[in-house]
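Shown next: run-v4.txt, containing compact mmCIF, C-alpha atoms.
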# COMPACT_ATOMS: atom_id res chain seq x y z
CA MET A 187 -8.69 -23.77 5.40
CA ALA A 188 -10.09 -26.87 3.75
CA GLU A 189 -13.04 -24.86 2.46
CA LEU A 190 -10.72 -22.14 1.13
CA CYS A 191 -8.82 -24.79 -0.82
CA ALA A 192 -12.07 -26.23 -2.13
CA LEU A 193 -13.22 -22.75 -3.17
CA ALA A 194 -9.97 -22.22 -5.07
CA ASP A 195 -10.12 -25.48 -7.00
CA GLY A 196 -13.88 -25.40 -7.64
CA THR A 197 -14.87 -28.35 -5.45
CA LEU A 198 -16.63 -26.43 -2.68
CA PRO A 199 -20.27 -27.63 -2.34
CA ALA A 200 -22.82 -25.15 -3.65
CA GLU A 201 -24.58 -24.89 -0.27
CA ARG A 202 -21.36 -23.56 1.33
CA ARG A 203 -20.17 -21.30 -1.48
CA ASP A 204 -22.15 -18.13 -0.59
CA GLU A 205 -21.05 -18.11 3.05
CA VAL A 206 -17.39 -18.84 2.30
CA GLU A 207 -17.24 -16.25 -0.50
CA ALA A 208 -18.77 -13.66 1.84
CA ARG A 209 -16.09 -14.33 4.47
CA VAL A 210 -13.34 -14.11 1.86
CA ALA A 211 -14.73 -10.82 0.48
CA ALA A 212 -14.56 -9.31 3.97
CA SER A 213 -10.93 -10.31 4.63
CA PRO A 214 -7.86 -9.22 2.60
CA GLU A 215 -5.89 -12.02 4.26
CA LEU A 216 -8.34 -14.68 3.09
CA GLN A 217 -8.43 -13.13 -0.39
CA GLU A 218 -4.66 -13.46 -0.68
CA GLY A 219 -4.81 -17.04 0.62
CA VAL A 220 -7.40 -18.06 -1.98
CA GLU A 221 -5.41 -16.35 -4.73
CA ARG A 222 -2.28 -18.29 -3.77
CA GLN A 223 -4.19 -21.55 -3.66
CA ARG A 224 -5.58 -20.88 -7.13
CA ARG A 225 -2.08 -20.33 -8.45
CA ALA A 226 -0.99 -23.62 -6.85
CA VAL A 227 -3.90 -25.43 -8.52
CA LEU A 228 -2.94 -23.96 -11.89
CA ALA A 229 0.67 -25.01 -11.32
CA VAL A 230 -0.41 -28.59 -10.53
CA ARG A 231 -2.44 -28.74 -13.72
CA ALA A 232 0.41 -27.28 -15.75
CA LEU A 233 2.84 -29.85 -14.37
CA ALA A 234 0.42 -32.65 -15.13
CA GLU A 235 0.08 -31.45 -18.73
CA GLU A 236 3.87 -31.24 -19.16
CA VAL A 237 4.66 -34.85 -18.21
CA PRO A 238 6.63 -36.34 -21.16
CA GLY A 239 4.77 -38.83 -23.31
CA SER A 240 7.50 -41.42 -22.83
CA LEU A 241 7.07 -41.25 -19.06
CA GLN A 242 3.30 -41.51 -19.37
CA ALA A 243 3.71 -44.60 -21.58
CA ALA A 244 6.17 -46.21 -19.15
CA VAL A 245 3.92 -45.59 -16.17
CA GLY A 246 0.90 -46.85 -18.12
CA ALA A 247 2.67 -50.05 -19.15
CA ARG A 248 3.82 -50.71 -15.61
CA ALA A 249 0.35 -50.07 -14.22
CA TRP A 250 -1.17 -52.42 -16.84
CA ARG A 251 0.98 -55.31 -15.60
CA ARG A 252 -0.12 -54.76 -12.00
CA PRO A 253 -3.47 -55.75 -10.53
CA ARG A 254 -6.17 -53.32 -11.62
CA ARG A 255 -6.99 -52.43 -8.01
CA LEU A 256 -3.57 -50.74 -7.67
CA VAL A 257 -4.05 -48.33 -10.56
CA PRO A 258 -6.20 -45.79 -8.63
CA ARG A 259 -3.67 -45.83 -5.79
CA LEU A 260 -0.83 -45.10 -8.19
CA ALA A 261 -2.78 -42.22 -9.69
CA VAL A 262 -3.54 -40.74 -6.27
CA ALA A 263 0.07 -41.13 -5.16
CA GLY A 264 1.31 -39.42 -8.32
CA ALA A 265 -1.10 -36.52 -7.87
CA ALA A 266 -0.11 -36.21 -4.21
CA ALA A 267 3.58 -36.09 -5.11
CA VAL A 268 2.99 -33.37 -7.69
CA ALA A 269 0.82 -31.41 -5.27
CA ALA A 270 3.46 -31.70 -2.54
CA ALA A 271 6.12 -30.37 -4.91
CA VAL A 272 3.91 -27.47 -5.90
CA VAL A 273 3.06 -26.63 -2.29
CA ALA A 274 6.77 -26.62 -1.42
CA ALA A 275 7.48 -24.32 -4.35
CA VAL A 276 4.68 -21.96 -3.38
CA VAL A 277 5.91 -21.75 0.22
CA LEU A 278 9.45 -20.99 -0.93
CA THR A 279 8.39 -18.36 -3.45
CA GLY A 280 5.69 -16.46 -1.60
CA GLY A 281 2.90 -18.90 -0.83
CA PRO A 282 1.04 -19.60 2.42
CA GLY A 283 3.09 -18.40 5.39
CA ALA A 284 4.90 -15.77 3.32
CA PRO A 285 4.62 -12.09 4.32
CA THR A 286 1.64 -10.26 2.86
CA VAL A 287 0.49 -6.73 2.15
CA ALA A 288 -1.90 -7.14 5.08
CA ASP A 289 1.09 -7.88 7.35
CA ALA A 290 2.75 -4.69 6.13
CA ALA A 291 -0.43 -2.75 6.86
CA ARG A 292 -0.54 -4.06 10.43
CA LEU A 293 3.02 -2.90 10.95
CA GLY A 294 1.99 0.50 9.58
CA THR A 295 -0.51 0.95 12.40
CA GLN A 296 2.13 0.54 15.10
CA PRO A 297 3.54 3.59 16.93
CA ALA A 298 6.91 5.08 16.04
CA THR A 299 9.90 4.05 18.17
CA GLU A 300 12.49 6.48 16.78
CA PRO A 301 12.59 10.23 16.13
CA ALA A 302 11.48 11.74 12.84
CA PRO A 303 14.06 11.60 10.03
CA SER A 304 15.45 14.80 8.57
CA PRO A 305 14.99 15.88 4.94
CA ALA A 306 17.64 14.68 2.48
CA GLY A 307 18.91 15.78 -0.90
CA ALA A 308 19.29 19.21 -2.41
CA ALA A 309 15.62 19.41 -3.38
CA GLY A 310 14.41 18.27 0.03
CA THR A 311 11.79 15.96 -1.48
CA LYS A 312 13.12 12.88 0.34
CA LEU A 313 13.77 11.85 3.93
CA ALA A 314 17.02 10.49 5.31
CA VAL A 315 15.63 6.97 5.69
CA ALA A 316 15.27 4.29 3.00
CA VAL A 317 14.68 0.55 2.46
CA ASP A 318 16.89 -1.20 -0.08
CA GLY A 319 17.75 2.19 -1.53
CA VAL A 320 14.08 3.26 -1.85
CA PRO A 321 13.67 6.51 0.14
CA PHE A 322 10.62 7.82 1.94
CA PRO A 323 9.16 11.09 0.66
CA ASN A 324 9.16 14.41 2.46
CA LEU A 325 5.41 15.06 2.34
CA THR A 326 5.67 18.37 4.20
CA ARG A 327 6.92 20.22 1.15
CA PHE A 328 3.82 19.82 -0.99
CA ALA A 329 1.03 18.42 1.18
CA GLY A 330 1.66 19.52 4.76
CA TRP A 331 2.06 15.98 6.14
CA ARG A 332 4.95 16.12 8.64
CA ALA A 333 7.08 13.07 9.42
CA VAL A 334 6.97 12.54 13.21
CA GLY A 335 8.70 9.21 13.74
CA VAL A 336 10.10 5.94 12.41
CA ARG A 337 9.65 2.29 13.32
CA HIS A 338 11.72 -0.66 12.05
CA GLY A 339 10.23 -4.14 12.12
CA ARG A 340 10.05 -7.57 10.54
CA ILE A 341 7.35 -9.10 8.33
CA GLY A 342 8.05 -12.80 8.20
CA ASP A 343 11.67 -12.98 7.06
CA ARG A 344 11.67 -9.44 5.62
CA ASP A 345 12.85 -6.17 7.08
CA ALA A 346 10.34 -3.34 6.86
CA THR A 347 10.31 0.31 7.90
CA VAL A 348 7.42 2.61 8.77
CA VAL A 349 7.47 6.40 8.70
CA VAL A 350 4.59 8.02 10.60
CA TYR A 351 3.20 11.30 9.29
CA ARG A 352 0.70 13.67 10.92
CA LYS A 353 -1.43 16.58 9.76
CA ASP A 354 -4.29 18.36 11.57
CA GLY A 355 -4.60 15.55 14.10
CA ARG A 356 -4.68 12.84 11.43
CA ARG A 357 -2.17 10.00 11.07
CA LEU A 358 -0.63 8.11 8.16
CA GLY A 359 1.66 5.10 8.19
CA TYR A 360 3.96 4.69 5.17
CA VAL A 361 5.56 1.22 4.95
CA ILE A 362 8.30 -0.05 2.63
CA VAL A 363 9.13 -3.77 2.71
CA ALA A 364 12.58 -5.06 1.80
CA GLY A 365 13.09 -7.71 -0.85
CA ALA A 366 11.05 -8.65 -3.89
CA GLY A 367 7.51 -7.32 -4.20
CA LEU A 368 4.83 -9.05 -2.14
CA VAL A 369 1.87 -10.76 -3.77
CA ARG A 370 -0.59 -8.13 -4.95
CA PRO A 371 -3.94 -8.19 -3.13
CA SER A 372 -7.03 -9.29 -5.02
CA ALA A 373 -10.40 -7.50 -4.99
CA ALA A 374 -8.76 -4.08 -4.85
CA GLN A 375 -9.53 -1.03 -6.98
CA ALA A 376 -6.64 -0.42 -9.38
CA THR A 377 -5.54 3.01 -10.57
CA VAL A 378 -2.65 3.59 -12.97
CA ILE A 379 -0.69 6.83 -12.55
CA ARG A 380 2.39 7.47 -14.67
CA ARG A 381 2.49 3.78 -15.62
CA VAL A 382 2.47 2.60 -11.99
CA GLU A 383 -0.46 0.54 -10.68
CA TYR A 384 -1.85 1.62 -7.31
CA GLN A 385 -4.38 -0.59 -5.51
CA THR A 386 -6.87 0.92 -3.07
CA LEU A 387 -8.53 -1.26 -0.41
CA ARG A 388 -9.13 -1.53 3.32
CA LEU A 389 -6.39 -3.10 5.42
CA SER A 390 -6.32 -3.43 9.20
CA GLY A 391 -9.57 -1.49 9.35
CA ARG A 392 -8.11 1.50 7.51
CA LEU A 393 -8.19 2.81 3.97
CA ALA A 394 -4.92 1.95 2.24
CA VAL A 395 -3.05 2.18 -1.04
CA THR A 396 -0.35 -0.30 -2.04
CA TRP A 397 2.04 -0.22 -4.99
CA ARG A 398 5.61 -1.10 -5.93
CA ARG A 399 8.48 1.35 -6.20
CA ASP A 400 11.69 0.00 -7.71
CA GLY A 401 10.36 -3.50 -7.07
CA ARG A 402 9.72 -2.92 -3.36
CA THR A 403 6.21 -3.12 -1.90
CA CYS A 404 4.93 0.14 -0.40
CA VAL A 405 1.78 0.59 1.69
CA LEU A 406 0.27 3.93 2.73
CA LEU A 407 -2.69 3.83 5.10
CA GLY A 408 -4.49 6.03 7.57
CA GLN A 409 -6.88 8.92 7.97
CA ALA A 410 -7.21 10.25 4.43
CA THR A 411 -9.54 9.97 1.47
CA PRO A 412 -8.77 7.60 -1.42
CA ARG A 413 -7.95 10.58 -3.64
CA GLU A 414 -5.55 12.03 -1.07
CA LEU A 415 -3.83 8.70 -0.49
CA LEU A 416 -3.30 8.24 -4.22
CA ARG A 417 -1.95 11.76 -4.54
CA LEU A 418 0.52 11.21 -1.70
CA ALA A 419 1.56 7.75 -2.89
CA SER A 420 2.18 8.87 -6.47
CA TRP A 421 4.03 12.09 -5.65
CA PRO A 422 7.39 11.91 -7.51
CA LEU A 423 10.50 11.87 -5.35
CA THR A 424 12.33 13.70 -8.11
CA PRO A 425 10.76 17.09 -8.94
CA PRO A 426 9.64 17.41 -12.56
CA ARG A 427 11.85 19.49 -14.81
CA ARG A 428 10.57 22.94 -15.72

For this file, produce the structure as structure tokens.
Amino acid sequence: MAELCALADGTLPAERRDEVEARVAASPELQEGVERQRRAVLAVRALAEEVPGSLQAAVGARAWRRPRRLVPRLAVAGAAAVAAAVVAAVVLTGGPGAPTVADAARLGTQPATEPAPSPAGAAGTKLAVAVDGVPFPNLTRFAGWRAVGVRHGRIGDRDATVVVYRKDGRRLGYVIVAGAGLVRPSAAQATVIRRVEYQTLRLSGRLAVTWRRDGRTCVLLGQATPRELLRLASWPLTPPRR
């Protein structure tokens, strides 16, 4: 973890950089951790730049009256206080320890614990299960993927639901996470379809696509090609008008 922090703020020794970067590139979880740390570093720098001039002058005058040997300690203490505040803010707003897209993907690999939901709506394009009002699609109608079960779970402090689909012996897990959107993964291939950004990457050893629908994070992963996953993920729940 110390090396991940050093990588994020640019202080990692050159002789360790290649190995650490290789480990990060191979792990979506580490990628998200480094990305969060980088945001924390930027926040620390932004806070430091926004300190009022009057406060800087007051602190400088007070430090000038004290023995010179105390000045470095004051500077370190001030930086530590700012860093602690930033770390607390990051933890409360989606930093280290917060649920991740990788956590959602792991839930998506778990077996169903409830029967398959029935179709809903006059058009039959949705299923009778939803998360925060965001419904799951009925993929049988247009792609032949049949919903076979449901699983409800928790990701950190969030509720999440998985619908399991099957077709020709293949399996897909479709996850929707309650609450505000999770941090987007880095080092993923982005594709924009109808003004929605879809990110393709490998999660939990499987090919996956993640995106946000009505502000909620969705993850679709399993035994399908990238093109098929994107097609399934971007299928509109409301049929286009003719």

Q: Point out the residue among A:Ile379, A:Leu293, A:Ala314, A:Ala373 with the least atom-to-atom distance to Gly342 in chain A, counting all atoms listed in the file.
A: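 Smallest distance to Gly342 in chain A is found for A:Leu293.
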
Q. Which residues, written as a PyMOL selection string, have at least one atom at most 7 Å from Ala346 in chain A, with all atoms listed in the file counted and residues fewer than 5 positions away on the same chain left out?
A. chain A and resi 338-341+361-364

Q | Point-to-point distance in Å for CA of Thr299 in chain A and CA of Asp345 in chain A | A |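 One can read the CA of Asp345 in chain A to CA of Thr299 in chain A distance as 15.4 Å.
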
(Q) What's the separation between CA of Arg332 in chain A and CA of Lys353 in chain A, in Å to one decimal place? (A) 6.5 Å

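In this structure, CA of Ala226 in chain A sits 25.3 Å away from CA of Cys404 in chain A.
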
Q) In terms of the shortest atom-to-atom distance over only C-alpha atoms, which of A:Val382, A:Leu415, A:Leu313, A:Ala374 is closest to Gly401 in chain A? A)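 Using only C-alpha atoms, the shortest distance to Gly401 in chain A belongs to A:Val382.
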
Would you give me, as JSON lines, each residue of range 295-345 of chain A having an atom within 12 Å of an atom of range 407-410 of chain A, along with its shortest atom pair and that distance in Å to one decimal, using all atoms listed in the file and sorting by chain and residue number?
{"residue": "A:Thr295", "atom": "CA", "partner": "A:Gly408", "partner_atom": "CA", "distance": 8.1}
{"residue": "A:Gln296", "atom": "CA", "partner": "A:Gly408", "partner_atom": "CA", "distance": 11.4}
{"residue": "A:Trp331", "atom": "CA", "partner": "A:Ala410", "partner_atom": "CA", "distance": 11.0}

Q: Please provide the set of residues having any atom within 9 Å of Glu221 in chain A, restricted to only C-alpha atoms, with same-chain residues fewer than 5 positions apart removed, written as a list in words.
A: Ala194, Leu216, Ala226, Pro371 and Ser372 of chain A

Q | Residues within 6 Å of (10.0, 17.3, -0.7), counting only C-alpha atoms, listed as a PyMOL selection string | A | chain A and resi 310-312+324-325+327

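Comparing the minimum interatomic distances between Phe322 in chain A and each of A:Arg388, A:Arg399, A:Arg417, A:Arg344, counting only C-alpha atoms, we find that A:Arg399 sits nearest.
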
Q) Given the choices A:Gly307, A:Ala211, A:Arg224, A:Gln375, which gets closest to Leu193 in chain A if the distance is worked out from only C-alpha atoms? A) A:Arg224
